[in-house]
>>> print(open('start-v8.csv').read())   # CSV, C-alpha atoms
chain,number,residue,atom,x,y,z
A,340,MET,CA,-21.1,-10.6,20.1
A,341,LYS,CA,-20.3,-14.3,19.4
A,342,PHE,CA,-19.3,-13.8,15.8
A,343,ILE,CA,-17.4,-10.6,16.5
A,344,ILE,CA,-15.3,-12.4,19.1
A,345,ASP,CA,-14.5,-15.4,16.9
A,346,GLY,CA,-13.6,-13.2,13.9
A,347,THR,CA,-16.4,-14.3,11.5
A,348,ALA,CA,-17.8,-10.8,11.5
A,349,GLY,CA,-14.4,-9.6,10.4
A,350,LEU,CA,-14.8,-11.4,7.1
A,351,VAL,CA,-17.9,-9.3,6.4
A,352,MET,CA,-16.2,-6.0,7.3
A,353,HIS,CA,-14.4,-6.1,3.9
A,354,PRO,CA,-16.3,-3.7,1.6
A,355,ALA,CA,-16.4,-6.1,-1.4
A,356,ARG,CA,-17.5,-9.1,0.8
A,357,TYR,CA,-20.1,-7.0,2.4
A,358,GLN,CA,-21.5,-6.0,-1.0
A,359,ILE,CA,-21.5,-9.6,-2.2
A,360,LEU,CA,-23.1,-11.0,0.8
A,361,GLN,CA,-25.8,-8.3,0.8
A,362,CYS,CA,-26.5,-9.1,-2.9
A,363,LEU,CA,-26.9,-12.8,-2.0
A,364,ARG,CA,-29.1,-12.0,1.0
A,365,LYS,CA,-31.4,-9.8,-1.1
A,366,THR,CA,-32.1,-12.4,-3.7
A,367,ASN,CA,-33.7,-15.6,-2.6
A,368,GLU,CA,-32.5,-17.6,-5.6
A,369,PRO,CA,-28.9,-18.8,-5.8
A,370,LEU,CA,-26.7,-16.6,-8.1
A,371,PHE,CA,-23.7,-17.5,-10.2
A,372,VAL,CA,-20.4,-15.6,-10.2
A,373,GLU,CA,-21.0,-13.5,-13.4
A,374,GLN,CA,-24.4,-12.4,-12.1
A,375,ILE,CA,-23.0,-11.3,-8.7
A,376,ALA,CA,-20.1,-9.6,-10.5
A,377,LYS,CA,-22.5,-7.6,-12.7
A,378,SER,CA,-24.7,-6.7,-9.7
A,379,VAL,CA,-21.9,-5.5,-7.4
A,380,ASN,CA,-19.7,-4.1,-10.2
A,381,ILE,CA,-16.6,-6.2,-9.2
A,382,HIS,CA,-14.5,-8.3,-11.5
A,383,PRO,CA,-15.6,-11.9,-11.6
A,384,ARG,CA,-12.2,-13.2,-10.5
A,385,MET,CA,-12.4,-10.9,-7.4
A,386,VAL,CA,-15.9,-12.2,-6.8
A,387,SER,CA,-14.6,-15.8,-6.9
A,388,HIS,CA,-11.9,-14.9,-4.5
A,389,HIS,CA,-14.3,-13.3,-2.0
A,390,LEU,CA,-16.7,-16.2,-2.4
A,391,ASP,CA,-13.9,-18.7,-1.5
A,392,VAL,CA,-13.2,-16.6,1.7
A,393,LEU,CA,-16.9,-16.4,2.6
A,394,GLU,CA,-17.4,-20.1,1.9
A,395,GLU,CA,-14.5,-21.0,4.2
A,396,GLY,CA,-16.2,-18.9,6.9
A,397,GLU,CA,-19.5,-20.8,6.2
A,398,LEU,CA,-21.3,-17.6,5.3
A,399,VAL,CA,-21.9,-18.8,1.7
A,400,GLU,CA,-22.5,-22.2,0.2
A,401,SER,CA,-21.9,-23.0,-3.4
A,402,LYS,CA,-22.3,-25.9,-5.9
A,403,TYR,CA,-21.5,-26.3,-9.5
A,404,GLU,CA,-24.4,-26.8,-11.9
A,405,LEU,CA,-25.1,-26.8,-15.6
A,406,VAL,CA,-27.1,-23.8,-16.5
A,407,LYS,CA,-28.2,-22.5,-20.0
A,408,VAL,CA,-26.9,-19.0,-20.3
A,409,ASN,CA,-27.9,-16.5,-23.0
A,410,GLY,CA,-29.8,-19.1,-25.0
A,411,SER,CA,-26.9,-21.5,-25.3
A,412,LYS,CA,-27.9,-24.9,-26.6
A,413,ARG,CA,-25.6,-26.8,-24.2
A,414,GLY,CA,-25.4,-26.0,-20.5
A,415,VAL,CA,-22.5,-24.1,-19.0
A,416,ALA,CA,-21.0,-25.2,-15.7
A,417,VAL,CA,-21.4,-22.3,-13.2
A,418,ARG,CA,-20.8,-21.9,-9.5
A,419,LEU,CA,-24.2,-21.2,-7.9
A,420,CYS,CA,-24.0,-19.4,-4.6
A,421,LYS,CA,-26.3,-18.5,-1.8
A,422,ALA,CA,-26.0,-17.0,1.7
A,423,THR,CA,-26.3,-19.4,4.6
A,424,PRO,CA,-28.4,-18.9,7.7
A,425,LYS,CA,-25.1,-18.2,9.6
A,426,ALA,CA,-24.7,-15.1,7.4
A,427,GLU,CA,-28.0,-13.8,8.7
A,428,GLU,CA,-26.9,-14.4,12.3
A,429,VAL,CA,-23.6,-12.6,11.7
A,430,PHE,CA,-25.4,-9.5,10.2
A,431,LEU,CA,-27.8,-9.6,13.2
A,432,ASP,CA,-24.8,-9.8,15.6
A,433,ILE,CA,-23.1,-6.8,13.9
A,434,LYS,CA,-26.4,-4.8,14.0
A,435,GLU,CA,-26.9,-5.5,17.7
A,436,SER,CA,-23.3,-4.6,18.6
A,437,VAL,CA,-23.6,-1.3,16.7
A,438,THR,CA,-27.0,-0.2,18.2
B,1300,MET,CA,6.4,39.2,24.3
B,1301,ASN,CA,4.0,36.9,25.9
B,1302,ILE,CA,2.8,33.8,24.0
B,1303,THR,CA,-0.7,32.9,25.0
B,1304,GLY,CA,-2.4,29.5,24.8
B,1305,SER,CA,-4.3,30.5,21.7
B,1306,ASP,CA,-1.1,31.6,20.0
B,1307,MET,CA,0.4,28.2,20.8
B,1308,SER,CA,-2.7,26.3,19.5
B,1309,ARG,CA,-2.6,28.5,16.3
B,1310,LEU,CA,1.1,27.6,15.9
B,1311,ARG,CA,0.4,23.9,16.4
B,1312,THR,CA,-2.4,24.1,13.8
B,1313,LEU,CA,-0.1,25.7,11.4
B,1314,GLY,CA,2.5,23.0,12.1
B,1315,GLU,CA,0.0,20.3,11.5
B,1316,ARG,CA,-1.1,21.9,8.3
B,1317,ILE,CA,2.4,22.0,7.0
B,1318,TYR,CA,3.0,18.4,8.1
B,1319,PHE,CA,-0.3,17.3,6.6
B,1320,LEU,CA,0.4,19.1,3.3
B,1321,THR,CA,-0.9,16.7,0.7
B,1322,PHE,CA,1.7,14.6,-1.2
B,1323,ARG,CA,1.0,16.6,-4.3
B,1324,VAL,CA,1.7,19.9,-2.6
B,1325,ARG,CA,4.9,18.5,-1.0
B,1326,THR,CA,6.0,17.4,-4.5
B,1327,LEU,CA,5.1,20.8,-6.0
B,1328,ILE,CA,7.2,22.6,-3.4
B,1329,LEU,CA,10.2,20.4,-4.2
B,1330,LEU,CA,9.7,20.8,-7.9
B,1331,SER,CA,9.5,24.6,-7.4
B,1332,LEU,CA,12.7,24.5,-5.4
B,1333,VAL,CA,14.5,22.6,-8.2
B,1334,ILE,CA,13.3,25.0,-10.9
B,1335,MET,CA,14.1,28.1,-8.7
B,1336,GLY,CA,17.5,26.6,-7.9
B,1337,ILE,CA,18.5,25.9,-11.5
B,1338,ILE,CA,17.0,28.8,-13.5
B,1339,PRO,CA,16.9,32.0,-11.5
B,1340,GLY,CA,19.6,30.6,-9.2
B,1341,THR,CA,22.2,30.6,-11.9
B,1342,PHE,CA,21.4,34.2,-12.7
B,1343,ILE,CA,21.2,35.4,-9.1
B,1344,THR,CA,24.2,37.7,-9.3
B,1345,SER,CA,22.9,39.5,-12.4
B,1346,LEU,CA,19.4,40.0,-11.0
B,1347,PRO,CA,18.3,43.5,-10.0
B,1348,SER,CA,18.4,44.1,-6.2
B,1349,THR,CA,14.6,43.9,-5.7
B,1350,ALA,CA,14.2,40.8,-7.7
B,1351,ARG,CA,17.1,39.2,-5.7
B,1352,TRP,CA,15.3,40.0,-2.4
B,1353,VAL,CA,11.9,38.6,-3.7
B,1354,TYR,CA,13.7,35.5,-4.9
B,1355,ALA,CA,15.5,35.1,-1.6
B,1356,TYR,CA,12.3,35.4,0.4
B,1357,VAL,CA,10.3,32.9,-1.7
B,1358,PHE,CA,13.3,30.5,-1.7
B,1359,VAL,CA,13.7,30.6,2.1
B,1360,ILE,CA,9.9,30.1,2.6
B,1361,PHE,CA,9.8,27.2,0.3
B,1362,THR,CA,12.9,25.7,1.9
B,1363,LEU,CA,11.5,26.0,5.4
B,1364,ALA,CA,8.2,24.4,4.3
B,1365,ALA,CA,10.0,21.6,2.6
B,1366,THR,CA,12.4,21.1,5.5
B,1367,TYR,CA,9.7,21.1,8.2
B,1368,SER,CA,7.4,18.8,6.2
B,1369,PHE,CA,10.1,16.3,5.3
B,1370,THR,CA,11.6,16.3,8.8
B,1371,ASN,CA,8.2,15.1,10.0
B,1372,VAL,CA,7.9,12.5,7.2
B,1373,ILE,CA,11.4,11.2,8.1
B,1374,THR,CA,10.7,11.3,11.9
B,1375,VAL,CA,7.7,9.0,11.5
B,1376,GLN,CA,9.9,6.5,9.7
B,1377,VAL,CA,12.7,6.7,12.1
B,1378,LYS,CA,10.4,6.5,15.2
B,1379,GLN,CA,8.9,3.3,13.7
B,1380,MET,CA,12.4,1.8,13.2
B,1381,VAL,CA,13.6,2.8,16.7
B,1382,GLY,CA,10.4,1.5,18.3
B,1383,LEU,CA,10.7,-1.8,16.5
B,1384,ALA,CA,14.3,-2.2,17.7
B,1385,ILE,CA,13.7,-1.1,21.3
B,1386,TYR,CA,10.6,-3.3,21.8
B,1387,SER,CA,12.0,-6.3,19.9
B,1388,ARG,CA,12.7,-8.1,23.2
B,1389,LYS,CA,9.4,-7.4,24.8
B,1390,TYR,CA,7.4,-8.5,21.7
B,1391,LYS,CA,9.3,-11.5,20.5
B,1392,PRO,CA,8.4,-12.3,16.9
B,1393,GLU,CA,7.1,-15.7,16.0
B,1394,LYS,CA,8.0,-17.6,12.9
B,1395,TYR,CA,5.3,-17.9,10.3
B,1396,SER,CA,5.7,-20.9,7.9
B,1397,THR,CA,3.1,-22.8,5.9
B,1398,SER,CA,3.5,-25.3,3.1
B,1399,LYS,CA,1.9,-22.8,0.7
B,1400,LEU,CA,4.4,-20.2,1.7
B,1401,GLN,CA,7.3,-22.6,1.1
B,1402,GLN,CA,5.9,-23.4,-2.3
B,1403,LEU,CA,5.5,-19.7,-3.2
B,1404,GLN,CA,9.2,-19.1,-2.3
B,1405,LYS,CA,10.2,-22.0,-4.4
B,1406,ASN,CA,8.1,-20.8,-7.3
B,1407,MET,CA,9.7,-17.3,-7.0
B,1408,GLY,CA,13.1,-18.8,-7.2
B,1409,PHE,CA,14.4,-18.5,-3.6
B,1410,LYS,CA,16.9,-21.3,-3.0
B,1411,LYS,CA,17.2,-20.6,0.7
B,1412,GLU,CA,14.1,-20.2,2.8
B,1413,VAL,CA,13.2,-16.6,3.5
B,1414,GLU,CA,12.2,-16.2,7.2
B,1415,VAL,CA,8.9,-14.6,7.8
B,1416,PHE,CA,8.0,-13.4,11.3
B,1417,VAL,CA,4.7,-12.3,12.9
B,1418,THR,CA,5.0,-9.6,15.7
B,1419,ASP,CA,2.5,-7.9,17.9
B,1420,ASN,CA,5.0,-5.0,18.4
B,1421,PRO,CA,2.8,-1.8,18.2
B,1422,TRP,CA,5.5,-0.1,16.2
B,1423,ALA,CA,5.1,-2.6,13.3
B,1424,SER,CA,2.1,-1.0,11.7
B,1425,SER,CA,2.5,-2.6,8.3
B,1426,PRO,CA,4.4,-5.6,6.8
B,1427,PHE,CA,7.9,-4.9,5.7
B,1428,ALA,CA,11.0,-6.7,4.3
B,1429,ASN,CA,14.4,-5.9,5.6
B,1430,LEU,CA,16.5,-5.6,2.5
B,1431,PHE,CA,19.7,-6.1,4.4
B,1432,THR,CA,18.9,-9.2,6.5
B,1433,GLY,CA,16.4,-10.6,3.9
B,1434,LYS,CA,13.7,-11.2,6.6
B,1435,ILE,CA,10.0,-10.3,6.4
B,1436,CYS,CA,7.9,-9.1,9.3
B,1437,LEU,CA,4.1,-9.1,9.5
B,1438,PRO,CA,2.0,-7.3,12.2
B,1439,LYS,CA,-0.2,-9.8,14.1
B,1440,ASP,CA,-3.3,-7.6,13.5
B,1441,TRP,CA,-2.9,-8.2,9.8
B,1442,VAL,CA,-2.5,-12.0,10.2
B,1443,ASP,CA,-5.6,-12.1,12.4
B,1444,ALA,CA,-7.7,-9.9,10.0
B,1445,LEU,CA,-6.7,-11.3,6.7
B,1446,HIS,CA,-7.5,-14.6,4.9
B,1447,GLU,CA,-4.6,-17.0,4.3
B,1448,SER,CA,-4.6,-16.3,0.6
B,1449,GLU,CA,-4.4,-12.6,1.3
B,1450,ILE,CA,-1.5,-13.1,3.8
B,1451,LEU,CA,0.3,-15.1,1.1
B,1452,SER,CA,-0.2,-12.3,-1.4
B,1453,THR,CA,1.1,-9.8,1.1
B,1454,ILE,CA,4.2,-11.9,1.7
B,1455,GLY,CA,4.4,-12.3,-2.1
B,1456,HIS,CA,4.8,-8.6,-2.4
B,1457,GLU,CA,7.5,-8.5,0.2
B,1458,LEU,CA,9.3,-11.4,-1.4
B,1459,GLY,CA,9.1,-9.3,-4.6
B,1460,HIS,CA,11.0,-6.6,-2.8
B,1461,LEU,CA,13.7,-9.1,-1.8
B,1462,LYS,CA,13.9,-10.5,-5.3
B,1463,THR,CA,14.4,-7.1,-6.9
B,1464,ARG,CA,16.6,-5.5,-4.2
B,1465,SER,CA,19.7,-5.6,-6.4
B,1466,LYS,CA,17.8,-3.5,-9.0
B,1467,TYR,CA,16.7,-1.1,-6.3
B,1468,PHE,CA,20.2,-0.7,-4.9
B,1469,LEU,CA,21.6,-0.2,-8.4
B,1470,GLU,CA,19.0,2.5,-9.1
B,1471,THR,CA,19.8,4.2,-5.8
B,1472,VAL,CA,23.5,4.2,-6.6
B,1473,THR,CA,22.9,5.6,-10.1
B,1474,ILE,CA,20.6,8.3,-8.8
B,1475,LEU,CA,23.2,9.3,-6.2
B,1476,SER,CA,26.0,9.4,-8.8
B,1477,ILE,CA,23.8,11.6,-11.1
B,1478,LEU,CA,23.0,13.8,-8.1
B,1479,ILE,CA,26.7,14.3,-7.1
B,1480,ALA,CA,27.5,15.2,-10.7
B,1481,PHE,CA,24.6,17.6,-10.9
B,1482,THR,CA,25.6,19.3,-7.6
B,1483,ILE,CA,29.1,19.8,-8.7
B,1484,TRP,CA,27.9,21.3,-12.1
B,1485,LEU,CA,25.4,23.6,-10.4
B,1486,SER,CA,28.0,24.8,-7.8
B,1487,PHE,CA,29.9,26.5,-10.7
B,1488,PHE,CA,26.9,28.8,-11.5
B,1489,THR,CA,25.2,29.6,-8.2
B,1490,LEU,CA,25.6,30.2,-4.5
B,1491,GLN,CA,26.5,27.2,-2.3
B,1492,ILE,CA,23.3,27.3,-0.2
B,1493,ILE,CA,21.1,27.4,-3.3
B,1494,CYS,CA,23.0,24.5,-4.7
B,1495,GLN,CA,22.7,22.4,-1.5
B,1496,VAL,CA,18.9,23.0,-1.2
B,1497,THR,CA,18.3,22.3,-4.9
B,1498,ALA,CA,20.3,19.1,-4.6
B,1499,PHE,CA,18.3,18.0,-1.5
B,1500,ALA,CA,15.0,18.8,-3.3
B,1501,LEU,CA,16.0,16.9,-6.4
B,1502,GLU,CA,17.2,14.0,-4.3
B,1503,MET,CA,13.8,13.7,-2.5
B,1504,LEU,CA,12.0,13.8,-5.9
B,1505,LEU,CA,14.2,11.1,-7.4
B,1506,PHE,CA,14.0,9.0,-4.3
B,1507,THR,CA,10.2,9.2,-4.4
B,1508,TYR,CA,10.2,8.2,-8.0
B,1509,ILE,CA,12.4,5.1,-7.6
B,1510,SER,CA,10.7,4.1,-4.4
B,1511,ARG,CA,7.2,4.2,-5.9
B,1512,ARG,CA,8.5,2.3,-9.0
B,1513,ASN,CA,9.9,-0.3,-6.7
B,1514,GLU,CA,6.5,-0.8,-5.0
B,1515,TYR,CA,4.8,-1.3,-8.4
B,1516,ARG,CA,7.5,-3.8,-9.3
B,1517,ALA,CA,7.0,-5.8,-6.1
B,1518,ASP,CA,3.2,-5.7,-6.6
B,1519,LEU,CA,3.5,-7.1,-10.1
B,1520,LEU,CA,6.0,-9.7,-9.1
B,1521,GLY,CA,4.0,-10.8,-6.1
B,1522,ALA,CA,0.8,-10.9,-8.1
B,1523,LYS,CA,2.5,-13.0,-10.8
B,1524,TYR,CA,3.2,-15.8,-8.4
B,1525,ALA,CA,0.5,-15.5,-5.7
B,1526,GLY,CA,-2.3,-14.1,-8.0
B,1527,PRO,CA,-3.5,-10.5,-8.0
B,1528,GLU,CA,-6.8,-11.2,-6.2
B,1529,GLY,CA,-5.2,-11.3,-2.7
B,1530,LEU,CA,-3.3,-8.1,-3.0
B,1531,ILE,CA,-6.3,-6.2,-4.6
B,1532,SER,CA,-8.4,-7.5,-1.7
B,1533,VAL,CA,-5.8,-6.3,0.9
B,1534,PHE,CA,-5.6,-2.9,-0.7
B,1535,THR,CA,-9.4,-2.5,-0.9
B,1536,TRP,CA,-9.5,-3.4,2.8
B,1537,LEU,CA,-6.8,-0.8,3.6
B,1538,GLN,CA,-8.5,1.9,1.7
B,1539,THR,CA,-11.5,1.8,4.0
B,1540,SER,CA,-9.4,2.7,7.0
B,1541,MET,CA,-7.6,5.6,5.2
B,1542,LYS,CA,-8.7,9.2,5.4
B,1543,ARG,CA,-6.9,10.2,2.2
B,1544,ASP,CA,-5.5,7.8,-0.4
B,1545,GLU,CA,-2.8,9.8,-2.1
B,1546,GLY,CA,0.3,7.7,-1.4
B,1547,SER,CA,3.5,9.0,0.2
B,1548,GLU,CA,7.2,9.5,-0.7
B,1549,THR,CA,7.7,5.7,-0.4
B,1550,HIS,CA,4.4,4.2,-1.6
B,1551,PRO,CA,2.0,5.0,-4.5
B,1552,SER,CA,-1.7,5.5,-3.8
B,1553,LEU,CA,-3.6,2.3,-3.2
B,1554,GLY,CA,-6.1,3.3,-5.9
B,1555,SER,CA,-3.3,3.4,-8.5
B,1556,ARG,CA,-1.9,0.1,-7.3
B,1557,ILE,CA,-5.3,-1.5,-7.5
B,1558,GLU,CA,-5.7,-0.1,-11.0
B,1559,LYS,CA,-2.4,-1.7,-12.1
B,1560,LEU,CA,-3.3,-5.0,-10.6
B,1561,ASN,CA,-6.8,-5.0,-12.0
B,1562,ALA,CA,-5.3,-5.0,-15.4
B,1563,LEU,CA,-3.8,-8.5,-14.6
B,1564,LEU,CA,-7.3,-9.9,-13.8
B,1565,ASP,CA,-8.2,-10.0,-17.5
B,1566,SER,CA,-5.0,-11.9,-18.4
B,1567,PRO,CA,-5.2,-15.7,-18.0
B,1568,SER,CA,-4.9,-16.9,-14.4
B,1569,ASN,CA,-1.3,-16.5,-13.2
B,1570,SER,CA,-1.5,-17.9,-9.7
B,1571,ALA,CA,1.5,-20.1,-8.9
B,1572,ASP,CA,-0.9,-22.7,-7.4
B,1573,GLU,CA,-2.8,-23.0,-10.6
B,1574,LYS,CA,0.4,-23.2,-12.7
B,1575,GLU,CA,1.2,-26.5,-11.1
B,1576,HIS,CA,-2.0,-28.2,-12.2
>>> encode(input="start-v8.csv", output="structure tokens")
Amino acid sequence: MKFIIDGTAGLVMHPARYQILQCLRKTNEPLFVEQIAKSVNIHPRMVSHHLDVLEEGELVESKYELVKVNGSKRGVAVRLCKATPKAEEVFLDIKESVT
Amino acid sequence: MNITGSDMSRLRTLGERIYFLTFRVRTLILLSLVIMGIIPGTFITSLPSTARWVYAYVFVIFTLAATYSFTNVITVQVKQMVGLAIYSRKYKPEKYSTSKLQQLQKNMGFKKEVEVFVTDNPWASSPFANLFTGKICLPKDWVDALHESEILSTIGHELGHLKTRSKYFLETVTILSILIAFTIWLSFFTLQIICQVTAFALEMLLFTYISRRNEYRADLLGAKYAGPEGLISVFTWLQTSMKRDEGSETHPSLGSRIEKLNALLDSPSNSADEKEH
């Protein structure tokens, strides 16, 4: 109940944020915004917005890296994101409170 | 005649059904009343007796349905306004002010600070801007549930209402003038009662049109300065708690508002914060 009381669980209750976080939890590798956007079918700008909110709640961590996308010669700066252990705890908390 | 409990519950169900007529059905009833008022209404005296009776029955049924349905729609709004006023002392609103909000107001061209309040008054179910006092009120539940950027976008929408209020007032006055002219013109051709009902139906239709247009305008203006992401996020969040997303007489459906804002996502970033850099 800890995360429900402090409001962190509330961040995940948003349908888009829930989808994004589920997508990040399922894949072990960090994903960048375009990849997440394609996977959850949400506009990349909206994905960025939700990632900012989730990062502020410490549910996601992100860093900028140079990645070669679609066979490009030079690397492209992308924001790589992954779910934090706190996100797992929040999901567990929600699951326990529901059951 | 004895009215039993089951009769009462049947009546209540019928009442609820009329009240919960979908927005589209309510609009269709009004549109039918306007058409019936203008076309057969003008020929009412030359209609054969049977046709006149059929017309009268249909017109009365439609009028009753519209009156009952709209009385409930208006009652909900009035109840909210009265509740807010009565409990304003018990639930004292607190001022909400951040540096980002002040910057947003500056970017939107407000010379004097617009006061924004947060209240836990149960009658304030959604944010609103008072067009006469120029103040904005946010329910505490919203402030607790939303992220700061989303609160800012919501306030951006309300500031959009304040920014465009002169346009809204001008449109309302124009519509009322047209309506008065129309009522006078129609009164030459038909019965007084038909004329009044038709004018009421037309007034509701036009009010719905300008009110919905005003909402879109505030959305776009708010999104221009605070970015469309926050508003889209708030609308998506609201959609999950709604049984039916069809809009009302005052607001368009959330789906259509999201659609309009989504179009802005593909344009270059227009957030006021990013404009500064």
>>> residues_around(input="start-v8.csv", residues="Thr1453 in chain B", least_positions_apart="2", cutoff="12 Å", atoms="all atoms listed in the file", output="ChimeraX atom specification")
/B:1400,1403,1415,1425-1428,1435-1438,1441-1442,1445-1451,1455-1460,1517-1522,1524-1534
>>> residues_around(input="start-v8.csv", residues="range 403-406 of chain A", least_positions_apart="3", cutoff="12 Å", atoms="all atoms listed in the file", output="ChimeraX atom specification")
/A:369-372,400,409-421
>>> closest_residue(input="start-v8.csv", among="A:Thr366, A:Gln374, A:Gln361, A:Asp391", to="chain B", atoms="only C-alpha atoms")
A:Asp391
>>> closest_residue(input="start-v8.csv", among="B:Val1359, B:Ile1557, B:Ile1477, B:Ala1444", to="chain A", atoms="all atoms listed in the file")
B:Ala1444
>>> residues_around(input="start-v8.csv", residues="Thr1489 in chain B", least_positions_apart="6", cutoff="9 Å", atoms="all atoms listed in the file", output="mmCIF file with C-alpha atoms, keeping the file's coordinate frame")
data_model
loop_
_atom_site.group_PDB
_atom_site.id
_atom_site.type_symbol
_atom_site.label_atom_id
_atom_site.label_comp_id
_atom_site.auth_asym_id
_atom_site.auth_seq_id
_atom_site.Cartn_x
_atom_site.Cartn_y
_atom_site.Cartn_z
ATOM 1 C CA GLY B 1336 17.500 26.600 -7.900
ATOM 2 C CA ILE B 1337 18.500 25.900 -11.500
ATOM 3 C CA GLY B 1340 19.600 30.600 -9.200
ATOM 4 C CA THR B 1341 22.200 30.600 -11.900
ATOM 5 C CA PHE B 1342 21.400 34.200 -12.700
ATOM 6 C CA ILE B 1343 21.200 35.400 -9.100
ATOM 7 C CA THR B 1344 24.200 37.700 -9.300
#
>>> atom_distance(input="start-v8.csv", atom1="CA of Gln1538 in chain B", atom2="CA of Ser1552 in chain B")
9.5 Å
>>> atom_distance(input="start-v8.csv", atom1="CA of Val408 in chain A", atom2="CA of Cys362 in chain A")
20.0 Å
>>> residues_around(input="start-v8.csv", residues="Pro424 in chain A", least_positions_apart="6", cutoff="12 Å", atoms="all atoms listed in the file", output="tab-separated table (two decimals) with C-alpha atoms, in the coordinates of the input")
chain	number	residue	atom	x	y	z
A	360	LEU	CA	-23.10	-11.00	0.80
A	363	LEU	CA	-26.90	-12.80	-2.00
A	364	ARG	CA	-29.10	-12.00	1.00
A	397	GLU	CA	-19.50	-20.80	6.20
A	398	LEU	CA	-21.30	-17.60	5.30
A	399	VAL	CA	-21.90	-18.80	1.70
A	400	GLU	CA	-22.50	-22.20	0.20
A	430	PHE	CA	-25.40	-9.50	10.20
A	431	LEU	CA	-27.80	-9.60	13.20
>>> atom_distance(input="start-v8.csv", atom1="CA of Pro383 in chain A", atom2="CA of Ala355 in chain A")
11.8 Å
>>> closest_residue(input="start-v8.csv", among="B:Ser1345, B:Ser1424, B:Ile1334, B:Ser1486", to="Gln1379 in chain B", atoms="only C-alpha atoms")
B:Ser1424
>>> closest_residue(input="start-v8.csv", among="A:Ile433, A:Ile375, A:Leu393, A:Ile359", to="chain B", atoms="all atoms listed in the file")
A:Leu393
>>> closest_atom_pairs(input="start-v8.csv", of="chain A", to="chain B", cutoff="9 Å", atoms="only C-alpha atoms", output="tab-separated table")
residue	atom	partner	partner_atom	distance
A:Gly346	CA	B:Ala1444	CA	7.8
A:Gly349	CA	B:Ala1444	CA	6.7
A:Leu350	CA	B:Ala1444	CA	7.8
A:Met352	CA	B:Trp1536	CA	8.5
A:His353	CA	B:Trp1536	CA	5.7
A:Pro354	CA	B:Trp1536	CA	6.9
A:Ala355	CA	B:Thr1535	CA	7.9
A:His382	CA	B:Leu1564	CA	7.7
A:Pro383	CA	B:Leu1564	CA	8.8
A:Arg384	CA	B:Leu1564	CA	6.8
A:Met385	CA	B:Glu1528	CA	5.7
A:His388	CA	B:Glu1528	CA	6.5
A:His389	CA	B:Ser1532	CA	8.3
A:Val392	CA	B:His1446	CA	6.8
>>> closest_residue(input="start-v8.csv", among="A:Ser401, A:Val379, A:Gln358, A:Glu373", to="Ala422 in chain A", atoms="all atoms listed in the file")
A:Ser401
>>> residues_around(input="start-v8.csv", residues="Glu1545 in chain B", least_positions_apart="4", cutoff="8 Å", atoms="only C-alpha atoms", output="PyMOL selection string")
chain B and resi 1321-1322+1551-1553
>>> closest_residue(input="start-v8.csv", among="A:Ala348, A:Ser378, A:Arg356, A:Glu394", to="Lys434 in chain A", atoms="all atoms listed in the file")
A:Ala348
